[in-house]
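Structure below is structure-v3.txt: compact mmCIF, C-alpha atoms and all ligand atoms.
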```
# COMPACT_ATOMS: atom_id res chain seq x y z
CA MET A 1 10.37 -9.39 11.08
CA ALA A 2 6.80 -10.22 9.97
CA LYS A 3 6.28 -13.30 7.77
CA LYS A 4 5.48 -12.69 4.11
CA LYS A 5 1.71 -12.85 3.46
CA SER A 6 0.30 -15.47 1.11
CA ILE A 7 -2.99 -15.36 -0.80
CA ILE A 8 -4.42 -17.54 1.98
CA ASP A 9 -3.49 -14.91 4.58
CA LEU A 10 -5.01 -12.19 2.40
CA ARG A 11 -8.27 -14.13 2.13
CA LYS A 12 -8.32 -14.75 5.88
CA MET A 13 -7.80 -11.03 6.47
CA LYS A 14 -10.83 -10.28 4.27
CA ALA A 15 -12.91 -12.79 6.22
CA ALA A 16 -11.79 -11.22 9.51
CA GLY A 17 -12.50 -7.70 8.26
CA GLU A 18 -8.80 -6.85 8.66
CA LYS A 19 -7.68 -4.22 6.14
CA ILE A 20 -4.46 -4.69 4.20
CA THR A 21 -1.97 -1.90 3.51
CA TRP A 22 -0.56 -1.61 0.02
CA LEU A 23 1.71 0.98 -1.60
CA THR A 24 3.69 1.18 -4.79
CA ALA A 25 7.50 1.11 -4.70
CA TYR A 26 9.92 1.24 -7.59
CA ASP A 27 13.36 0.98 -5.98
CA TYR A 28 15.41 -0.79 -3.32
CA PRO A 29 15.46 1.93 -0.63
CA THR A 30 11.72 2.59 -0.75
CA ALA A 31 11.05 -1.16 -0.61
CA THR A 32 13.24 -1.47 2.51
CA PHE A 33 11.36 1.43 4.14
CA GLY A 34 8.00 -0.15 3.24
CA GLU A 35 8.94 -3.52 4.66
CA GLU A 36 10.37 -1.92 7.80
CA ALA A 37 7.14 0.09 8.25
CA GLY A 38 5.05 -3.09 8.02
CA LEU A 39 3.34 -2.84 4.61
CA ASP A 40 1.37 -5.96 3.68
CA MET A 41 1.87 -5.60 -0.07
CA ILE A 42 3.94 -3.63 -2.59
CA LEU A 43 2.93 -2.90 -6.19
CA VAL A 44 5.68 -2.22 -8.68
CA GLY A 45 3.24 -0.17 -10.69
CA ASP A 46 3.62 0.97 -14.26
CA SER A 47 3.07 4.39 -12.63
CA LEU A 48 6.88 4.22 -12.48
CA GLY A 49 6.64 5.73 -15.97
CA MET A 50 5.50 9.02 -14.43
CA CYS A 51 6.99 8.74 -10.94
CA VAL A 52 10.50 7.60 -11.94
CA TYR A 53 10.99 8.31 -15.65
CA GLY A 54 8.98 11.53 -16.03
CA TYR A 55 6.80 10.23 -18.89
CA PRO A 56 3.42 11.96 -19.26
CA GLY A 57 1.60 8.62 -18.72
CA THR A 58 2.08 4.88 -18.29
CA THR A 59 1.83 3.67 -21.88
CA PRO A 60 5.54 4.08 -22.80
CA VAL A 61 6.62 1.77 -19.95
CA THR A 62 8.28 -1.47 -21.11
CA MET A 63 8.48 -4.97 -19.66
CA ASP A 64 12.24 -4.57 -19.25
CA GLN A 65 11.76 -1.45 -17.10
CA CYS A 66 9.13 -3.22 -14.96
CA ILE A 67 11.45 -6.19 -14.46
CA VAL A 68 14.45 -4.08 -13.43
CA HIS A 69 12.39 -2.14 -10.88
CA SER A 70 10.66 -5.30 -9.58
CA GLU A 71 14.04 -6.97 -9.03
CA ALA A 72 15.22 -3.99 -6.97
CA VAL A 73 12.00 -3.95 -4.94
CA ARG A 74 12.25 -7.68 -4.25
CA ARG A 75 15.82 -7.22 -2.98
CA GLY A 76 14.63 -4.45 -0.67
CA ALA A 77 11.51 -6.25 0.58
CA PRO A 78 12.20 -9.99 0.64
CA ASN A 79 9.41 -10.61 3.16
CA THR A 80 6.63 -8.55 1.56
CA PHE A 81 4.00 -9.72 -0.97
CA VAL A 82 5.10 -8.01 -4.20
CA VAL A 83 2.81 -7.52 -7.22
CA GLY A 84 4.28 -6.81 -10.66
CA ASP A 85 2.18 -4.59 -12.92
CA MET A 86 1.80 -5.73 -16.54
CA PRO A 87 2.62 -2.68 -18.70
CA PHE A 88 0.69 -1.58 -21.79
CA MET A 89 0.94 -4.11 -24.65
CA SER A 90 2.57 -6.78 -22.50
CA TYR A 91 -0.66 -8.85 -22.46
CA GLN A 92 -3.18 -7.33 -24.89
CA ILE A 93 -1.72 -8.96 -28.01
CA SER A 94 -2.37 -12.63 -27.20
CA PRO A 95 -2.76 -15.01 -24.26
CA GLN A 96 0.68 -16.43 -25.19
CA GLU A 97 2.32 -13.00 -24.90
CA ALA A 98 0.47 -12.47 -21.62
CA VAL A 99 1.84 -15.73 -20.18
CA ARG A 100 5.37 -15.05 -21.45
CA ASN A 101 5.48 -11.61 -19.84
CA ALA A 102 3.75 -12.62 -16.60
CA GLY A 103 6.26 -15.48 -16.42
CA ARG A 104 9.14 -13.02 -16.73
CA PHE A 105 7.94 -11.26 -13.58
CA ILE A 106 8.07 -14.56 -11.69
CA LYS A 107 11.31 -15.95 -13.13
CA GLU A 108 13.37 -12.75 -13.27
CA ALA A 109 11.97 -10.67 -10.40
CA ASP A 110 10.50 -13.28 -8.06
CA VAL A 111 7.25 -11.36 -7.56
CA ASP A 112 4.28 -13.03 -5.85
CA ALA A 113 1.54 -11.97 -8.27
CA ILE A 114 0.90 -9.89 -11.35
CA LYS A 115 -1.78 -7.25 -11.93
CA LEU A 116 -3.41 -6.37 -15.21
CA GLU A 117 -5.93 -3.73 -16.20
CA GLY A 118 -9.28 -4.52 -17.78
CA GLY A 119 -12.59 -6.30 -17.26
CA LYS A 120 -14.41 -8.91 -19.36
CA ARG A 121 -12.33 -8.31 -22.44
CA CYS A 122 -9.22 -9.38 -20.54
CA ILE A 123 -10.60 -12.71 -19.34
CA PRO A 124 -8.68 -14.79 -21.95
CA PHE A 125 -5.41 -13.22 -20.78
CA ILE A 126 -6.26 -13.67 -17.09
CA ARG A 127 -7.18 -17.34 -17.68
CA ALA A 128 -3.98 -18.04 -19.60
CA ILE A 129 -1.80 -16.50 -16.86
CA LEU A 130 -3.68 -18.41 -14.15
CA ASP A 131 -3.25 -21.64 -16.13
CA ALA A 132 0.49 -21.04 -15.94
CA GLY A 133 0.20 -21.15 -12.13
CA ILE A 134 0.63 -17.40 -11.54
CA VAL A 135 -1.42 -15.40 -9.02
CA VAL A 136 -3.47 -12.67 -10.73
CA CYS A 137 -4.90 -9.40 -9.43
CA GLY A 138 -7.57 -7.84 -11.68
CA HIS A 139 -7.84 -4.05 -12.00
CA ILE A 140 -11.02 -2.26 -13.06
CA GLY A 141 -12.56 1.20 -12.75
CA LEU A 142 -10.20 3.89 -13.92
CA THR A 143 -7.69 1.94 -15.98
CA PRO A 144 -4.93 4.41 -16.95
CA GLN A 145 -3.59 2.31 -19.87
CA SER A 146 -6.95 2.66 -21.66
CA SER A 147 -7.86 6.10 -20.30
CA GLY A 148 -8.25 7.37 -23.88
CA GLN A 149 -11.31 5.15 -24.24
CA LEU A 150 -12.65 6.46 -20.92
CA GLY A 151 -12.32 10.05 -22.13
CA GLY A 152 -9.45 10.75 -19.72
CA HIS A 153 -8.46 9.90 -16.16
CA LYS A 154 -12.05 9.87 -14.90
CA ALA A 155 -13.74 8.10 -11.97
CA GLN A 156 -15.88 5.16 -13.10
CA GLY A 157 -19.13 3.69 -11.77
CA ARG A 158 -20.81 7.01 -11.09
CA THR A 159 -23.86 6.16 -13.22
CA LEU A 160 -26.07 3.07 -12.97
CA GLU A 161 -24.84 1.78 -16.33
CA SER A 162 -21.17 2.25 -15.47
CA ALA A 163 -21.65 0.75 -11.98
CA GLU A 164 -23.32 -2.34 -13.45
CA THR A 165 -20.47 -2.77 -15.92
CA LEU A 166 -18.07 -2.75 -12.97
CA VAL A 167 -20.13 -5.37 -11.12
CA GLU A 168 -20.21 -7.58 -14.23
CA ASP A 169 -16.47 -7.17 -14.78
CA ALA A 170 -15.71 -7.94 -11.14
CA LEU A 171 -17.79 -11.12 -11.24
CA ALA A 172 -16.16 -12.23 -14.51
CA ILE A 173 -12.67 -11.67 -13.09
CA GLN A 174 -13.48 -13.69 -9.97
CA GLN A 175 -15.08 -16.43 -12.06
CA ALA A 176 -11.99 -16.62 -14.26
CA GLY A 177 -10.04 -17.51 -11.10
CA ALA A 178 -8.21 -14.27 -10.24
CA GLN A 179 -7.19 -14.23 -6.59
CA MET A 180 -7.77 -10.51 -5.94
CA LEU A 181 -9.24 -7.40 -7.50
CA LEU A 182 -8.27 -3.73 -7.44
CA LEU A 183 -10.87 -0.98 -7.96
CA GLU A 184 -9.53 2.41 -9.02
CA ALA A 185 -11.50 5.68 -8.70
CA VAL A 186 -14.87 4.09 -7.99
CA PRO A 187 -17.62 5.43 -5.62
CA PRO A 188 -17.50 3.86 -2.14
CA GLU A 189 -21.10 2.64 -2.45
CA VAL A 190 -20.22 0.63 -5.58
CA ALA A 191 -16.91 -0.57 -4.10
CA GLY A 192 -18.68 -1.77 -0.94
CA PHE A 193 -21.23 -3.73 -2.97
CA ILE A 194 -18.48 -5.42 -5.00
CA ARG A 195 -16.43 -6.18 -1.87
CA ASP A 196 -19.42 -7.91 -0.27
CA LEU A 197 -20.38 -9.72 -3.47
CA LEU A 198 -16.96 -11.24 -4.10
CA ALA A 199 -15.23 -13.96 -2.10
CA ILE A 200 -11.79 -12.76 -3.22
CA PRO A 201 -10.20 -9.68 -1.58
CA VAL A 202 -11.26 -6.40 -3.20
CA TYR A 203 -8.80 -3.56 -2.70
CA GLY A 204 -9.16 0.07 -3.66
CA ILE A 205 -7.20 3.09 -4.81
CA GLY A 206 -9.54 6.06 -4.75
CA ALA A 207 -12.44 3.71 -4.01
CA GLY A 208 -13.20 4.90 -0.49
CA MET A 209 -13.38 3.07 2.79
CA ASN A 210 -15.56 0.09 1.80
CA THR A 211 -12.80 -2.19 0.54
CA ASP A 212 -10.61 -4.95 1.97
CA GLY A 213 -7.55 -2.69 1.89
CA GLN A 214 -6.00 0.44 0.45
CA LEU A 215 -3.43 1.08 -2.23
CA LEU A 216 -1.77 4.44 -2.88
CA ILE A 217 1.20 5.58 -4.93
CA VAL A 218 4.17 6.05 -2.64
CA SER A 219 5.44 9.08 -4.59
CA ASP A 220 2.10 10.82 -3.87
CA ILE A 221 1.94 10.13 -0.13
CA ILE A 222 5.53 11.21 0.52
CA GLY A 223 5.16 14.33 -1.62
CA GLN A 224 7.74 13.32 -4.21
CA PHE A 225 5.59 13.39 -7.36
CA GLN A 226 4.91 17.03 -8.20
CA ALA A 227 2.99 17.12 -11.50
CA PHE A 228 -0.50 16.60 -9.99
CA THR A 229 -2.20 15.09 -6.94
CA PRO A 230 -5.39 13.08 -7.39
CA LYS A 231 -8.35 13.85 -5.07
CA PHE A 232 -8.01 10.48 -3.31
CA VAL A 233 -4.42 11.04 -2.15
CA LYS A 234 -3.46 11.98 1.39
CA LYS A 235 0.07 13.39 1.75
CA TYR A 236 2.01 12.17 4.79
CA ALA A 237 5.32 13.93 4.04
CA ASN A 238 6.83 16.54 1.76
CA ILE A 239 9.95 14.88 0.46
CA ALA A 240 10.30 17.31 -2.44
CA GLU A 241 10.68 20.17 0.04
CA VAL A 242 13.07 18.24 2.33
CA VAL A 243 15.30 17.13 -0.56
CA THR A 244 15.30 20.51 -2.32
CA ASP A 245 16.22 22.25 0.95
CA ALA A 246 19.04 19.77 1.57
CA ILE A 247 20.44 20.29 -1.93
CA ARG A 248 20.13 24.07 -1.61
CA GLN A 249 22.06 24.00 1.71
CA TYR A 250 24.74 21.79 0.17
CA CYS A 251 25.17 24.23 -2.75
CA ASP A 252 25.41 27.19 -0.32
CA GLU A 253 27.97 25.42 1.88
CA VAL A 254 30.20 24.33 -1.00
CA ARG A 255 30.14 27.81 -2.50
CA SER A 256 30.89 29.49 0.85
CA GLY A 257 33.55 26.96 1.91
CA VAL A 258 31.58 25.67 4.92
CA PHE A 259 31.70 22.15 3.47
CA PRO A 260 33.85 20.07 3.65
CA GLN A 261 35.42 20.33 7.12
CA ASP A 262 38.34 18.39 8.58
CA GLU A 263 35.94 15.68 9.84
CA HIS A 264 35.06 14.87 6.22
CA CYS A 265 38.71 14.32 5.15
CA TYR A 266 40.94 11.22 4.85
CA HIS A 267 44.37 12.25 6.24
CA MET A 268 47.64 10.58 5.36
CA ILE A 269 48.79 7.65 7.49
CA LYS A 270 50.89 8.74 10.50
CA GLY A 271 54.54 9.33 9.55
CA GLU A 272 53.79 9.43 5.81
CA TYR A 273 53.12 13.17 5.66
CA GLU A 274 56.76 14.10 6.42
CA LYS A 275 57.97 11.73 3.67
CA PHE A 276 55.37 13.15 1.33
CA GLN A 277 56.61 16.66 2.01
CA SER A 278 60.23 15.74 1.21
CA MET A 279 59.08 13.96 -1.95
CA THR A 280 57.20 17.05 -3.12
CA GLU A 281 60.47 19.08 -2.99
CA LYS A 282 61.56 17.71 -6.36
CA TYR A 283 58.40 19.08 -7.97
CA ARG A 284 58.86 22.57 -6.60
CA LYS A 285 60.81 24.98 -8.77
O1 LIG B 1 0.74 1.61 -11.80
C1 LIG B 1 0.13 1.80 -10.74
O2 LIG B 1 0.65 2.33 -9.77
C2 LIG B 1 -1.25 1.37 -10.69
C3 LIG B 1 -2.12 2.04 -9.69
C4 LIG B 1 -2.51 3.38 -10.18
C5 LIG B 1 -3.31 1.22 -9.41
O3 LIG B 1 -1.66 0.57 -11.48
```
Using structure tokens, write down the structure from this file.
Amino acid sequence: MAKKKSIIDLRKMKAAGEKITWLTAYDYPTATFGEEAGLDMILVGDSLGMCVYGYPGTTPVTMDQCIVHSEAVRRGAPNTFVVGDMPFMSYQISPQEAVRNAGRFIKEADVDAIKLEGGKRCIPFIRAILDAGIVVCGHIGLTPQSSGQLGGHKAQGRTLESAETLVEDALAIQQAGAQMLLLEAVPPEVAGFIRDLLAIPVYGIGAGMNTDGQLLIVSDIIGQFQAFTPKFVKKYANIAEVVTDAIRQYCDEVRSGVFPQDEHCYHMIKGEYEKFQSMTEKYRK
């Protein structure tokens, strides 16, 4: 069993040019599979709103939901670096609220770090959480919680102005003391510049190959989430097909009497059947 990574290991991996592997997980079984497969990090993303609860986006997700799912993931992956994702309105109200909710992730779910969306405007919240001794991962580029302000779920940094805003945000997040940064849906040329500019690890989801590691949503790569598939996703399995086929076969077999068979039954203890038969006599008319 590999040892759980620390932020020191993650920084050393950046220095050595060793890429980290990062996926979301929302439940105990997926976390066990991820740890068994050798993931470096797990994000309990607020994408659970769409992937687990079927909401149209992430904004309805609550702190309580994030905590419950983070607890399950921690139980399934005790030796993996787990990041809890601060849901919409869990930090934007005040630095105090931000610390209280980030602290819940640590106290109740034993995560290793929290992630929050936003650049310069989130610096007061990032600072407050860091001052409480909690490891912070910044998240800029396409930030789904504020996608309304971006005009939708659109890639960022594709114009000079937008790219410079990303560079400024990345520098501000590092300067505030955050230990890592996630870039979402950003051109690889901009991501590579930010990775080289920053001393902290810079990871990407939809940010191409020039990052210190990759994050994807587990429900996308295993073909479980059906509503849409972003351009940056590669599918490694089709779980929806496998599970639907299994359920269809089960329905067919129950209806046709093929399932269950004798091997699926608990028989009476030896010698008890004869007694049972005599007992049933009194019920027969
Ligand atoms: O919630 C999540 O899974 C995320 C990723 C999209 C980066 O924040």
Between CA of Thr59 in chain A and CA of Met89 in chain A - distance in Å to one decimal: 8.3 Å
Contacts with ligand LIG 1 (chain B) at most 10 Å, all atoms listed in the file counted, listed as a ChimeraX atom specification: /A:23-26,42-51,57-58,84-87,115-117,139-145,182-185,203-206,215-219
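Between Thr80 in chain A and the residues A:Asp212, A:Glu281, A:Asp110, A:Asp262, the shortest atom-to-atom distance, using only C-alpha atoms, involves A:Asp110.
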Contacts of Glu71 in chain A at 12 Å (all atoms listed in the file; same-chain gap of 3+ positions) as a PyMOL selection string: chain A and resi 25-28+31+44+64-68+74-78+82-84+104-112
Output file for the selection above: C-alpha atoms, as a compact mmCIF listing (two decimals), in the coordinates of the input:
```txt
# COMPACT_ATOMS: atom_id res chain seq x y z
CA ALA A 25 7.50 1.11 -4.70
CA TYR A 26 9.92 1.24 -7.59
CA ASP A 27 13.36 0.98 -5.98
CA TYR A 28 15.41 -0.79 -3.32
CA ALA A 31 11.05 -1.16 -0.61
CA VAL A 44 5.68 -2.22 -8.68
CA ASP A 64 12.24 -4.57 -19.25
CA GLN A 65 11.76 -1.45 -17.10
CA CYS A 66 9.13 -3.22 -14.96
CA ILE A 67 11.45 -6.19 -14.46
CA VAL A 68 14.45 -4.08 -13.43
CA ARG A 74 12.25 -7.68 -4.25
CA ARG A 75 15.82 -7.22 -2.98
CA GLY A 76 14.63 -4.45 -0.67
CA ALA A 77 11.51 -6.25 0.58
CA PRO A 78 12.20 -9.99 0.64
CA VAL A 82 5.10 -8.01 -4.20
CA VAL A 83 2.81 -7.52 -7.22
CA GLY A 84 4.28 -6.81 -10.66
CA ARG A 104 9.14 -13.02 -16.73
CA PHE A 105 7.94 -11.26 -13.58
CA ILE A 106 8.07 -14.56 -11.69
CA LYS A 107 11.31 -15.95 -13.13
CA GLU A 108 13.37 -12.75 -13.27
CA ALA A 109 11.97 -10.67 -10.40
CA ASP A 110 10.50 -13.28 -8.06
CA VAL A 111 7.25 -11.36 -7.56
CA ASP A 112 4.28 -13.03 -5.85
```
Counting only C-alpha atoms, which residues of range 211-280 of chain A sit at most 8 Å from some atom of range 15-20 of chain A, and what is each one's closest atom pair with its distance in Å to one decimal, listed by chain and rising residue number, as a Markdown table?
```
| residue | atom | partner | partner_atom | distance |
| --- | --- | --- | --- | --- |
| A:Thr211 | CA | A:Lys19 | CA | 7.9 |
| A:Asp212 | CA | A:Lys19 | CA | 5.1 |
| A:Gly213 | CA | A:Ile20 | CA | 4.3 |
| A:Gln214 | CA | A:Ile20 | CA | 6.5 |
```
Pairwise distance for CA of Ala199 in chain A and CA of Lys12 in chain A, rounded to one decimal in Å: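 Calculated distance between CA of Ala199 in chain A and CA of Lys12 in chain A is 10.6 Å.
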Counting all atoms listed in the file, the residue of A:Ile200, A:Ala170, A:Leu39, A:Val258 that sits nearest Ile8 in chain A: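 Of the candidates, the smallest distance to Ile8 in chain A is held by A:Ile200.
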Counting only C-alpha atoms, the residue of A:Ala132, A:Leu197, A:Ala172, A:Met1 that sits nearest Gly118 in chain A: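 Looking only at the distances to Gly118 in chain A, the closest residue turns out to be A:Ala172.
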CA of Leu198 in chain A to CA of Val135 in chain A, distance in Å rounded to a single decimal: 16.8 Å
Option closest in space to Ala98 in chain A, from A:Lys270, A:Lys234, A:Arg127, A:Lys285 [counting only C-alpha atoms]: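 Smallest separation from Ala98 in chain A among the options: A:Arg127.
Ranking A:Gln149, A:Gln179, A:Gln96, A:Gln261 by their shortest atom-to-atom distance to Cys137 in chain A, with only C-alpha atoms included, puts A:Gln179 first.
Closest approach to Asp9 in chain A from the set A:Val254, A:Ala163, A:Met41, A:Leu171 is made by A:Met41, with distances taken over all atoms listed in the file.
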Near-Ser94 in chain A list (12 Å; all atoms listed in the file; drop same-chain fewer than 2 positions) as a PyMOL selection string: chain A and resi 89-92+96-101+121-129
